[in-house]
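In what follows, a single structure is set out as structure tokens and then discussed.
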Amino acid sequence: MRSIQKWMPVELVMADSLLVVDRLKSYIYTRYGVVRAVNDVSFELAEGDTLGIVGESGSGKSMTCMSILGLLPQPFGKMVAGRIRFRNEDLHTQSSRQMQQIRGKEIGMVFQDPMTSLNPFLTVGTQLTEGYVVHQQVAKQEAWQHAIDMLDKVGIPEAEKRMLSYPHELSGGMRQRVMIAIALMCSPALLIADEPTSALDVTIQAQILELLKSLQRQMKMSIILITHDLGIVAATCKQVIVMYAGRVMEAGSVDDIFYRPKHPYTIGLLQSVPSLEADREKPLQPIDGNPPDLMADIQGCPFHPRCAYGDAACLQEFPQQRTATTGHSFYCCKDVE
Ligand SMILES: Nc1ncnc2c1ncn2[C@@H]1O[C@H](COP(=O)(O)OP(=O)(O)OP(=O)(O)O)[C@@H](O)[C@H]1O
Ligand code: SF4
Ligand SMILES: [Mg+2]
């Protein structure tokens, strides 16, 4: 703990933090310019908790998680500043071999697109067992049985038979379940699920989320859930961070974010989705305009061009962090209710 406090603001360090991300910056160096995909992002996740990351497309949700996993697009993606501590280890200083060990074994990942993440040429059984054999150093037969149990756990009928199927022989919901089973094979301490249900219809979506929750209870995992869907966050997460233009705009408990939002962007997001029963009659209000180009040099608050409360003061510098209540912070210089 002492070594964390060397570089962490004391209030950010929780005794039971599994993951601490501190002032993370990850850039992508393209031929057209530098994309500031993750720009000074900090958060932490306690053991057994679920953290939701929300924000419009291109806000840096996936790149934040790819930074944690050491999987930024190569050779142009680079973590340029900050620290990522997982179980008190600094992930950035791990060798690629050590990171391979951590990925899959200690941190499981469900990628955004199950069709491109599964290998179309390998059976489900092979894809489930290959990492497990390496990480756990067990015989193939043992891995095969464990994989059948895992498919069973994620609700795939006739699991034994499905081990011999190829991804194209499965429905979207089944492929998503297979991805989750692969991520959970080694009982990771942390599961990062990037839009795990976005391609699915609502019923399957609900089943997958229930499944994640029950597996989390059984396996005592922590989860980072990335989603556009605020309803999913409300039903699943304990903590939430709201991202915009590669930055955290607001962070707090689910109740803070849904019932006491402080940042105009969070307020805009909440007004743009269908809400509670009582509000059904209220018309939805989309946020006008588009997120900024992350290659541009953004002065001040990146939400300014779309913000109804913005003025010249907001263009001076990126707003300082402000605390609403313990654990609830936001980056806006105005008091907006
Ligand atoms: N391989 C890449 N090369 C260049 N820029 C990239 C690459 N991948 C992502 N980016 C850029 O990085 C920024 C953050 O992208 P990221 O994928 O993290 O967004 P996101 O919040 O996950 O969006 P979505 O909800 O659409 O998945 C975006 O501006 C995106 O265009
Ligand atoms: S700092 Fe200004 S522009 Fe940015 S969200 Fe707050 S009021 Fe709007
Ligand atoms: Mg993404």
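Letters A, B, ... mark the chains of the structure tokens in the order given; residue numbers begin at 1 per chain; ligand numbers begin at 1, in order shown.
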Contact check, chain A to ligand 3, at most 8 Å, counting only C-alpha atoms and all ligand atoms, closest pairs as a tab-separated table:
residue	atom	partner	partner_atom_place_in_ligand_line	distance
A:Ser57	CA	ligand 3	1 (Mg)	6.9
A:Gly58	CA	ligand 3	1 (Mg)	6.9
A:Gly60	CA	ligand 3	1 (Mg)	7.0
A:Lys61	CA	ligand 3	1 (Mg)	5.5
A:Ser62	CA	ligand 3	1 (Mg)	4.1
A:Met63	CA	ligand 3	1 (Mg)	7.2
A:Gln112	CA	ligand 3	1 (Mg)	6.6
A:Asp194	CA	ligand 3	1 (Mg)	6.7
A:Glu195	CA	ligand 3	1 (Mg)	7.4
A:Ile226	CA	ligand 3	1 (Mg)	7.6
Suppose we keep N, CA and C atoms; can you now write the selection as a compact mmCIF listing (two decimals), in the first residue's frame?
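Just written: again.txt:
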# COMPACT_ATOMS: atom_id res chain seq x y z
N SER A 57 -20.19 6.95 -28.49
CA SER A 57 -19.19 6.28 -29.31
C SER A 57 -17.95 7.16 -29.46
N GLY A 58 -16.78 6.54 -29.33
CA GLY A 58 -15.53 7.27 -29.51
C GLY A 58 -15.06 8.00 -28.27
N GLY A 60 -13.64 6.74 -25.67
CA GLY A 60 -12.42 6.17 -25.09
C GLY A 60 -12.66 5.00 -24.15
N LYS A 61 -13.86 4.47 -24.15
CA LYS A 61 -14.20 3.37 -23.23
C LYS A 61 -13.35 2.13 -23.53
N SER A 62 -13.37 1.72 -24.80
CA SER A 62 -12.62 0.50 -25.15
C SER A 62 -11.12 0.71 -25.00
N MET A 63 -10.62 1.88 -25.41
CA MET A 63 -9.18 2.12 -25.33
C MET A 63 -8.69 2.15 -23.87
N GLN A 112 -15.78 -6.55 -27.79
CA GLN A 112 -16.99 -5.87 -28.27
C GLN A 112 -17.74 -6.68 -29.34
N ASP A 194 -16.89 -5.67 -22.73
CA ASP A 194 -17.06 -4.50 -23.58
C ASP A 194 -18.31 -4.70 -24.43
N GLU A 195 -19.37 -4.01 -24.12
CA GLU A 195 -20.65 -4.14 -24.83
C GLU A 195 -21.02 -5.62 -25.00
N ILE A 226 -18.66 -2.16 -19.98
CA ILE A 226 -18.72 -1.01 -20.89
C ILE A 226 -20.02 -1.11 -21.67
Could you build a table of the residues in chain A lying no more than 10 Å from ligand 2, giving for each the nearest pair of atoms and their separation in Å rounded to one decimal place, using only C-alpha atoms and all ligand atoms, ordered by chain and ascending residue number, as JSON lines?
{"residue": "A:Met249", "atom": "CA", "partner": "ligand 2", "partner_atom_place_in_ligand_line": "5 (S)", "distance": 8.3}
{"residue": "A:Lys262", "atom": "CA", "partner": "ligand 2", "partner_atom_place_in_ligand_line": "6 (Fe)", "distance": 9.1}
{"residue": "A:His263", "atom": "CA", "partner": "ligand 2", "partner_atom_place_in_ligand_line": "5 (S)", "distance": 6.0}
{"residue": "A:Pro264", "atom": "CA", "partner": "ligand 2", "partner_atom_place_in_ligand_line": "5 (S)", "distance": 5.1}
{"residue": "A:Tyr265", "atom": "CA", "partner": "ligand 2", "partner_atom_place_in_ligand_line": "5 (S)", "distance": 6.3}
{"residue": "A:Thr266", "atom": "CA", "partner": "ligand 2", "partner_atom_place_in_ligand_line": "5 (S)", "distance": 9.2}
{"residue": "A:Ile267", "atom": "CA", "partner": "ligand 2", "partner_atom_place_in_ligand_line": "5 (S)", "distance": 9.9}
{"residue": "A:Gly300", "atom": "CA", "partner": "ligand 2", "partner_atom_place_in_ligand_line": "1 (S)", "distance": 7.8}
{"residue": "A:Cys301", "atom": "CA", "partner": "ligand 2", "partner_atom_place_in_ligand_line": "4 (Fe)", "distance": 4.6}
{"residue": "A:Pro302", "atom": "CA", "partner": "ligand 2", "partner_atom_place_in_ligand_line": "4 (Fe)", "distance": 6.7}
{"residue": "A:Phe303", "atom": "CA", "partner": "ligand 2", "partner_atom_place_in_ligand_line": "4 (Fe)", "distance": 5.1}
{"residue": "A:His304", "atom": "CA", "partner": "ligand 2", "partner_atom_place_in_ligand_line": "3 (S)", "distance": 3.5}
{"residue": "A:Pro305", "atom": "CA", "partner": "ligand 2", "partner_atom_place_in_ligand_line": "3 (S)", "distance": 7.1}
{"residue": "A:Arg306", "atom": "CA", "partner": "ligand 2", "partner_atom_place_in_ligand_line": "3 (S)", "distance": 7.6}
{"residue": "A:Cys307", "atom": "CA", "partner": "ligand 2", "partner_atom_place_in_ligand_line": "8 (Fe)", "distance": 4.6}
{"residue": "A:Ala308", "atom": "CA", "partner": "ligand 2", "partner_atom_place_in_ligand_line": "8 (Fe)", "distance": 6.6}
{"residue": "A:Tyr309", "atom": "CA", "partner": "ligand 2", "partner_atom_place_in_ligand_line": "7 (S)", "distance": 4.5}
{"residue": "A:Gly310", "atom": "CA", "partner": "ligand 2", "partner_atom_place_in_ligand_line": "3 (S)", "distance": 3.8}
{"residue": "A:Asp311", "atom": "CA", "partner": "ligand 2", "partner_atom_place_in_ligand_line": "2 (Fe)", "distance": 6.2}
{"residue": "A:Ala312", "atom": "CA", "partner": "ligand 2", "partner_atom_place_in_ligand_line": "2 (Fe)", "distance": 8.3}
{"residue": "A:Ala313", "atom": "CA", "partner": "ligand 2", "partner_atom_place_in_ligand_line": "2 (Fe)", "distance": 7.3}
{"residue": "A:Cys314", "atom": "CA", "partner": "ligand 2", "partner_atom_place_in_ligand_line": "2 (Fe)", "distance": 4.4}
{"residue": "A:Leu315", "atom": "CA", "partner": "ligand 2", "partner_atom_place_in_ligand_line": "3 (S)", "distance": 7.5}
{"residue": "A:Gln316", "atom": "CA", "partner": "ligand 2", "partner_atom_place_in_ligand_line": "1 (S)", "distance": 9.5}
{"residue": "A:Glu317", "atom": "CA", "partner": "ligand 2", "partner_atom_place_in_ligand_line": "1 (S)", "distance": 8.9}
{"residue": "A:Phe318", "atom": "CA", "partner": "ligand 2", "partner_atom_place_in_ligand_line": "1 (S)", "distance": 7.5}
{"residue": "A:Pro319", "atom": "CA", "partner": "ligand 2", "partner_atom_place_in_ligand_line": "1 (S)", "distance": 5.8}
{"residue": "A:Gln320", "atom": "CA", "partner": "ligand 2", "partner_atom_place_in_ligand_line": "1 (S)", "distance": 9.0}
{"residue": "A:Phe330", "atom": "CA", "partner": "ligand 2", "partner_atom_place_in_ligand_line": "6 (Fe)", "distance": 9.3}
{"residue": "A:Tyr331", "atom": "CA", "partner": "ligand 2", "partner_atom_place_in_ligand_line": "1 (S)", "distance": 6.9}
{"residue": "A:Cys332", "atom": "CA", "partner": "ligand 2", "partner_atom_place_in_ligand_line": "6 (Fe)", "distance": 3.8}
{"residue": "A:Cys333", "atom": "CA", "partner": "ligand 2", "partner_atom_place_in_ligand_line": "1 (S)", "distance": 4.8}
{"residue": "A:Lys334", "atom": "CA", "partner": "ligand 2", "partner_atom_place_in_ligand_line": "7 (S)", "distance": 5.1}
{"residue": "A:Asp335", "atom": "CA", "partner": "ligand 2", "partner_atom_place_in_ligand_line": "7 (S)", "distance": 7.8}
{"residue": "A:Val336", "atom": "CA", "partner": "ligand 2", "partner_atom_place_in_ligand_line": "7 (S)", "distance": 7.6}
Worksheet entry | Test item: residues lying within 9 Å of ligand 1 with only C-alpha atoms and all ligand atoms, as an MDAnalysis selection string | chainID A and resid 27:30 34:38 53:66 72:74 76:77 112 194:195 226:228 243:246 292:295
Expected file contents, prior selection, C-alpha atoms, as a PDB file, in the first residue's frame:
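After the write, part-v2.pdb holds the following:
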ATOM      1  CA  TYR A  27      -2.597   7.986 -27.512  1.00  0.00           C
ATOM      2  CA  ILE A  28      -2.787   6.538 -30.996  1.00  0.00           C
ATOM      3  CA  TYR A  29      -0.198   7.916 -33.384  1.00  0.00           C
ATOM      4  CA  THR A  30      -1.813   7.852 -36.822  1.00  0.00           C
ATOM      5  CA  VAL A  34      -2.294  11.960 -32.614  1.00  0.00           C
ATOM      6  CA  VAL A  35      -5.611  10.620 -31.289  1.00  0.00           C
ATOM      7  CA  ARG A  36      -5.843  11.373 -27.575  1.00  0.00           C
ATOM      8  CA  ALA A  37      -8.048   8.354 -27.015  1.00  0.00           C
ATOM      9  CA  VAL A  38      -7.625   8.228 -23.214  1.00  0.00           C
ATOM     10  CA  ILE A  53     -18.235   2.827 -18.084  1.00  0.00           C
ATOM     11  CA  VAL A  54     -20.681   4.823 -20.200  1.00  0.00           C
ATOM     12  CA  GLY A  55     -20.352   7.469 -22.883  1.00  0.00           C
ATOM     13  CA  GLU A  56     -21.042   8.060 -26.545  1.00  0.00           C
ATOM     14  CA  SER A  57     -19.191   6.279 -29.308  1.00  0.00           C
ATOM     15  CA  GLY A  58     -15.531   7.268 -29.511  1.00  0.00           C
ATOM     16  CA  SER A  59     -15.316   8.501 -25.910  1.00  0.00           C
ATOM     17  CA  GLY A  60     -12.424   6.169 -25.094  1.00  0.00           C
ATOM     18  CA  LYS A  61     -14.203   3.368 -23.233  1.00  0.00           C
ATOM     19  CA  SER A  62     -12.622   0.504 -25.151  1.00  0.00           C
ATOM     20  CA  MET A  63      -9.177   2.118 -25.329  1.00  0.00           C
ATOM     21  CA  THR A  64      -9.191   2.554 -21.547  1.00  0.00           C
ATOM     22  CA  CYS A  65      -9.770  -1.175 -21.146  1.00  0.00           C
ATOM     23  CA  MET A  66      -7.314  -2.068 -23.896  1.00  0.00           C
ATOM     24  CA  LEU A  72      -3.660  -1.020 -27.527  1.00  0.00           C
ATOM     25  CA  PRO A  73      -3.614  -1.133 -31.343  1.00  0.00           C
ATOM     26  CA  GLN A  74      -0.029  -1.872 -32.409  1.00  0.00           C
ATOM     27  CA  PHE A  76       0.646   2.997 -33.107  1.00  0.00           C
ATOM     28  CA  GLY A  77      -1.145   2.833 -29.747  1.00  0.00           C
ATOM     29  CA  GLN A 112     -16.993  -5.875 -28.272  1.00  0.00           C
ATOM     30  CA  ASP A 194     -17.061  -4.499 -23.585  1.00  0.00           C
ATOM     31  CA  GLU A 195     -20.652  -4.141 -24.828  1.00  0.00           C
ATOM     32  CA  ILE A 226     -18.721  -1.012 -20.888  1.00  0.00           C
ATOM     33  CA  THR A 227     -22.039  -0.092 -22.433  1.00  0.00           C
ATOM     34  CA  HIS A 228     -24.010   2.629 -24.201  1.00  0.00           C
ATOM     35  CA  MET A 243     -16.607   9.348 -20.293  1.00  0.00           C
ATOM     36  CA  TYR A 244     -16.490  12.000 -22.994  1.00  0.00           C
ATOM     37  CA  ALA A 245     -13.685  12.837 -25.414  1.00  0.00           C
ATOM     38  CA  GLY A 246     -11.260  10.457 -23.708  1.00  0.00           C
ATOM     39  CA  PRO A 292     -15.093  16.407 -30.802  1.00  0.00           C
ATOM     40  CA  ASP A 293     -12.343  15.106 -33.037  1.00  0.00           C
ATOM     41  CA  LEU A 294      -9.783  13.649 -30.627  1.00  0.00           C
ATOM     42  CA  MET A 295      -6.954  14.610 -32.966  1.00  0.00           C
TER      43      MET A 295
END
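Considering only C-alpha atoms, the residue among A:Cys186, A:Pro283, A:Pro274, A:Leu118 positioned nearest to Ala143 in chain A is A:Cys186.
Take the candidates A:Gln239, A:Gln98, A:Gln321, A:Thr50 and check each one against Leu191 in chain A using only C-alpha atoms; the shortest distance goes to A:Thr50.
Our summary of the geometry notes that CA of Leu18 in chain A is positioned 5.2 Å from CA of Ala46 in chain A.
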Run DSSP on the backbone of this structure and report the residues of range 124-250 of chain A it assigns to strand (DSSP E), as a CSV table (one decimal) with N, CA and C atoms, in the first residue's frame.
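File written: out.csv
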chain,number,residue,atom,x,y,z
A,190,LEU,N,-10.9,-10.4,-12.3
A,190,LEU,CA,-11.5,-9.2,-13.0
A,190,LEU,C,-12.0,-9.6,-14.4
A,191,LEU,N,-13.3,-9.3,-14.6
A,191,LEU,CA,-13.8,-9.5,-16.0
A,191,LEU,C,-14.1,-8.2,-16.6
A,192,ILE,N,-13.5,-7.9,-17.8
A,192,ILE,CA,-13.8,-6.7,-18.5
A,192,ILE,C,-14.7,-7.1,-19.7
A,193,ALA,N,-16.0,-6.6,-19.6
A,193,ALA,CA,-17.0,-6.9,-20.6
A,193,ALA,C,-17.3,-5.7,-21.5
A,194,ASP,N,-16.9,-5.7,-22.7
A,194,ASP,CA,-17.1,-4.5,-23.6
A,194,ASP,C,-18.3,-4.7,-24.4
A,222,SER,N,-14.7,-9.2,-9.8
A,222,SER,CA,-15.0,-7.8,-10.1
A,222,SER,C,-15.3,-7.7,-11.6
A,223,ILE,N,-16.1,-6.7,-12.0
A,223,ILE,CA,-16.5,-6.6,-13.4
A,223,ILE,C,-16.4,-5.1,-13.8
A,224,ILE,N,-15.8,-4.9,-15.0
A,224,ILE,CA,-15.9,-3.6,-15.6
A,224,ILE,C,-16.8,-3.8,-16.8
A,225,LEU,N,-18.0,-3.1,-16.8
A,225,LEU,CA,-18.9,-3.3,-17.9
A,225,LEU,C,-19.0,-2.0,-18.7
A,226,ILE,N,-18.7,-2.2,-20.0
A,226,ILE,CA,-18.7,-1.0,-20.9
A,226,ILE,C,-20.0,-1.1,-21.7
A,239,GLN,N,-20.8,1.2,-9.2
A,239,GLN,CA,-20.1,2.5,-9.5
A,239,GLN,C,-20.2,2.7,-11.0
A,240,VAL,N,-20.2,4.0,-11.4
A,240,VAL,CA,-20.2,4.4,-12.8
A,240,VAL,C,-19.2,5.5,-13.1
A,241,ILE,N,-18.6,5.4,-14.2
A,241,ILE,CA,-17.9,6.6,-14.7
A,241,ILE,C,-18.4,6.9,-16.1
A,242,VAL,N,-18.6,8.2,-16.3
A,242,VAL,CA,-19.2,8.8,-17.5
A,242,VAL,C,-18.0,9.4,-18.3
A,243,MET,N,-17.7,8.9,-19.5
A,243,MET,CA,-16.6,9.3,-20.3
A,243,MET,C,-17.1,10.2,-21.5
A,244,TYR,N,-16.2,11.2,-21.8
A,244,TYR,CA,-16.5,12.0,-23.0
A,244,TYR,C,-15.1,12.5,-23.5
A,247,ARG,N,-12.0,11.5,-21.7
A,247,ARG,CA,-11.9,12.0,-20.3
A,247,ARG,C,-13.1,11.5,-19.4
A,248,VAL,N,-12.8,11.4,-18.1
A,248,VAL,CA,-13.9,11.2,-17.2
A,248,VAL,C,-14.6,12.5,-16.9
A,249,MET,N,-15.9,12.5,-17.1
A,249,MET,CA,-16.7,13.8,-16.9
A,249,MET,C,-17.3,13.7,-15.5
A,250,GLU,N,-17.7,12.5,-15.1
A,250,GLU,CA,-18.4,12.4,-13.8
A,250,GLU,C,-18.2,10.9,-13.3
Worksheet entry | Residue among A:Trp144, A:Tyr259, A:Tyr32, A:Phe121 lying closest to Ser165 in chain A, counting only C-alpha atoms | A:Phe121
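The closest residue to Ile180 in chain A, picked from A:Ala139, A:Leu269, A:Val41, A:Leu128 and counting only C-alpha atoms, is A:Leu128.
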Worksheet entry | Among the residues A:Gly172, A:Gln218, A:Gln101, A:Ile182, the one that comes closest to Ile204 in chain A [using only C-alpha atoms] | A:Gly172
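Shortest atom-to-atom contact with Ser253 in chain A among A:Thr116, A:Gln207, A:Asn88, A:Thr325: A:Thr325, counting only C-alpha atoms.
Of note, CA of Met109 in chain A and CA of Ala183 in chain A are spaced 5.4 Å apart.
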For the structure I just gave you, how does DSSP split range 51-157 of chain A - specifically, which residues are helix (DSSP H, G or I)? Reply as a PDB file with C-alpha atoms, in the first residue's frame.
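Output file part_16.pdb is given in full below:
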ATOM      1  CA  LYS A  61     -14.203   3.368 -23.233  1.00  0.00           C
ATOM      2  CA  SER A  62     -12.622   0.504 -25.151  1.00  0.00           C
ATOM      3  CA  MET A  63      -9.177   2.118 -25.329  1.00  0.00           C
ATOM      4  CA  THR A  64      -9.191   2.554 -21.547  1.00  0.00           C
ATOM      5  CA  CYS A  65      -9.770  -1.175 -21.146  1.00  0.00           C
ATOM      6  CA  MET A  66      -7.314  -2.068 -23.896  1.00  0.00           C
ATOM      7  CA  SER A  67      -4.724  -0.029 -21.983  1.00  0.00           C
ATOM      8  CA  ILE A  68      -5.390  -2.101 -18.865  1.00  0.00           C
ATOM      9  CA  LEU A  69      -4.924  -5.287 -20.850  1.00  0.00           C
ATOM     10  CA  LEU A  91       0.803  -3.526 -15.111  1.00  0.00           C
ATOM     11  CA  HIS A  92       2.730  -1.132 -17.313  1.00  0.00           C
ATOM     12  CA  THR A  93       6.065  -2.523 -16.112  1.00  0.00           C
ATOM     13  CA  SER A  96       4.659  -9.038 -22.594  1.00  0.00           C
ATOM     14  CA  ARG A  97       5.070 -12.617 -21.330  1.00  0.00           C
ATOM     15  CA  GLN A  98       3.831 -11.612 -17.863  1.00  0.00           C
ATOM     16  CA  MET A  99       0.928  -9.715 -19.430  1.00  0.00           C
ATOM     17  CA  GLN A 100      -0.016 -12.832 -21.390  1.00  0.00           C
ATOM     18  CA  GLN A 101      -0.176 -14.692 -18.093  1.00  0.00           C
ATOM     19  CA  ILE A 102      -2.349 -12.009 -16.513  1.00  0.00           C
ATOM     20  CA  ARG A 103      -4.698 -11.816 -19.509  1.00  0.00           C
ATOM     21  CA  GLY A 104      -7.002 -14.752 -19.530  1.00  0.00           C
ATOM     22  CA  LYS A 105      -5.827 -16.068 -16.162  1.00  0.00           C
ATOM     23  CA  PRO A 114     -18.013 -11.820 -30.682  1.00  0.00           C
ATOM     24  CA  MET A 115     -17.954 -12.718 -34.384  1.00  0.00           C
ATOM     25  CA  THR A 116     -14.550 -11.178 -35.023  1.00  0.00           C
ATOM     26  CA  SER A 117     -13.166 -12.202 -31.639  1.00  0.00           C
ATOM     27  CA  VAL A 124     -15.582 -23.871 -29.694  1.00  0.00           C
ATOM     28  CA  GLY A 125     -13.876 -26.632 -27.675  1.00  0.00           C
ATOM     29  CA  THR A 126     -10.420 -25.744 -28.979  1.00  0.00           C
ATOM     30  CA  GLN A 127     -10.933 -22.047 -28.289  1.00  0.00           C
ATOM     31  CA  LEU A 128     -12.154 -22.734 -24.782  1.00  0.00           C
ATOM     32  CA  THR A 129      -9.359 -25.080 -23.817  1.00  0.00           C
ATOM     33  CA  GLU A 130      -6.206 -23.713 -25.428  1.00  0.00           C
ATOM     34  CA  GLY A 131      -5.674 -20.856 -22.965  1.00  0.00           C
ATOM     35  CA  TYR A 132      -6.694 -22.971 -19.971  1.00  0.00           C
ATOM     36  CA  VAL A 133      -4.143 -25.707 -20.792  1.00  0.00           C
ATOM     37  CA  VAL A 134      -1.359 -23.114 -20.968  1.00  0.00           C
ATOM     38  CA  HIS A 135      -2.374 -21.033 -17.939  1.00  0.00           C
ATOM     39  CA  GLN A 136      -3.341 -23.857 -15.602  1.00  0.00           C
ATOM     40  CA  LYS A 140      -6.171 -31.545 -22.398  1.00  0.00           C
ATOM     41  CA  GLN A 141      -8.757 -33.997 -21.107  1.00  0.00           C
ATOM     42  CA  GLU A 142      -9.139 -32.096 -17.846  1.00  0.00           C
ATOM     43  CA  ALA A 143      -9.413 -28.812 -19.748  1.00  0.00           C
ATOM     44  CA  TRP A 144     -12.043 -30.339 -22.050  1.00  0.00           C
ATOM     45  CA  GLN A 145     -14.197 -31.400 -19.096  1.00  0.00           C
ATOM     46  CA  HIS A 146     -13.810 -27.992 -17.446  1.00  0.00           C
ATOM     47  CA  ALA A 147     -14.868 -26.342 -20.711  1.00  0.00           C
ATOM     48  CA  ILE A 148     -18.003 -28.487 -20.910  1.00  0.00           C
ATOM     49  CA  ASP A 149     -18.851 -27.490 -17.328  1.00  0.00           C
ATOM     50  CA  MET A 150     -18.279 -23.835 -18.198  1.00  0.00           C
ATOM     51  CA  LEU A 151     -20.510 -23.999 -21.293  1.00  0.00           C
ATOM     52  CA  ASP A 152     -23.122 -25.601 -19.101  1.00  0.00           C
ATOM     53  CA  LYS A 153     -22.734 -22.802 -16.556  1.00  0.00           C
TER      54      LYS A 153
END
Fill in: Spatial neighbours of Ser171 in chain A, max dist 12 Å, only C-alpha atoms, sep filter under 3 positions, as a PyMOL selection string
chain A and resi 114-115+156+162+165-168+174-178+199-201+204
Neighbours of Met221 in chain A within 10 Å (only C-alpha atoms; same-chain residues fewer than 6 positions away dropped), as a short mmCIF file (atom, residue, chain, number, x, y, z; two decimals) with N, CA and C atoms, in the first residue's frame?
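Below is the file that was written, part_11.cif:
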data_model
loop_
_atom_site.label_atom_id
_atom_site.label_comp_id
_atom_site.auth_asym_id
_atom_site.auth_seq_id
_atom_site.Cartn_x
_atom_site.Cartn_y
_atom_site.Cartn_z
N ALA A 46 -13.11 -1.99 -6.53
CA ALA A 46 -12.91 -2.85 -5.36
C ALA A 46 -13.22 -4.30 -5.73
N GLU A 47 -12.70 -5.22 -4.92
CA GLU A 47 -12.97 -6.64 -5.16
C GLU A 47 -14.46 -6.91 -5.09
N GLY A 48 -14.96 -7.64 -6.07
CA GLY A 48 -16.36 -8.06 -6.07
C GLY A 48 -17.34 -7.00 -6.58
N ASP A 49 -16.85 -5.79 -6.89
CA ASP A 49 -17.73 -4.71 -7.37
C ASP A 49 -17.90 -4.73 -8.89
N THR A 50 -18.93 -4.02 -9.34
CA THR A 50 -19.10 -3.84 -10.78
C THR A 50 -19.06 -2.35 -11.09
N ILE A 107 -7.25 -11.64 -15.56
CA ILE A 107 -8.21 -10.68 -16.11
C ILE A 107 -8.83 -11.31 -17.37
N LEU A 184 -14.13 -16.70 -18.69
CA LEU A 184 -14.25 -17.16 -17.30
C LEU A 184 -13.54 -18.49 -17.02
N SER A 187 -11.31 -18.61 -14.04
CA SER A 187 -11.86 -17.91 -12.87
C SER A 187 -11.10 -16.61 -12.59
N PRO A 188 -11.15 -15.65 -13.53
CA PRO A 188 -10.37 -14.41 -13.32
C PRO A 188 -10.90 -13.59 -12.15
N ALA A 189 -10.00 -12.80 -11.58
CA ALA A 189 -10.43 -11.91 -10.50
C ALA A 189 -11.20 -10.72 -11.07
N LEU A 190 -10.89 -10.38 -12.32
CA LEU A 190 -11.53 -9.24 -12.98
C LEU A 190 -12.01 -9.65 -14.36
N LEU A 191 -13.26 -9.30 -14.64
CA LEU A 191 -13.79 -9.52 -15.99
C LEU A 191 -14.07 -8.16 -16.62
N LEU A 212 -24.17 -13.02 -15.92
CA LEU A 212 -22.95 -12.38 -15.42
C LEU A 212 -23.06 -12.10 -13.93
N LYS A 213 -24.24 -11.63 -13.53
CA LYS A 213 -24.41 -11.31 -12.11
C LYS A 213 -24.29 -12.57 -11.25
N LEU A 215 -22.77 -15.41 -12.03
CA LEU A 215 -21.40 -15.93 -12.05
C LEU A 215 -20.49 -15.07 -11.16
#
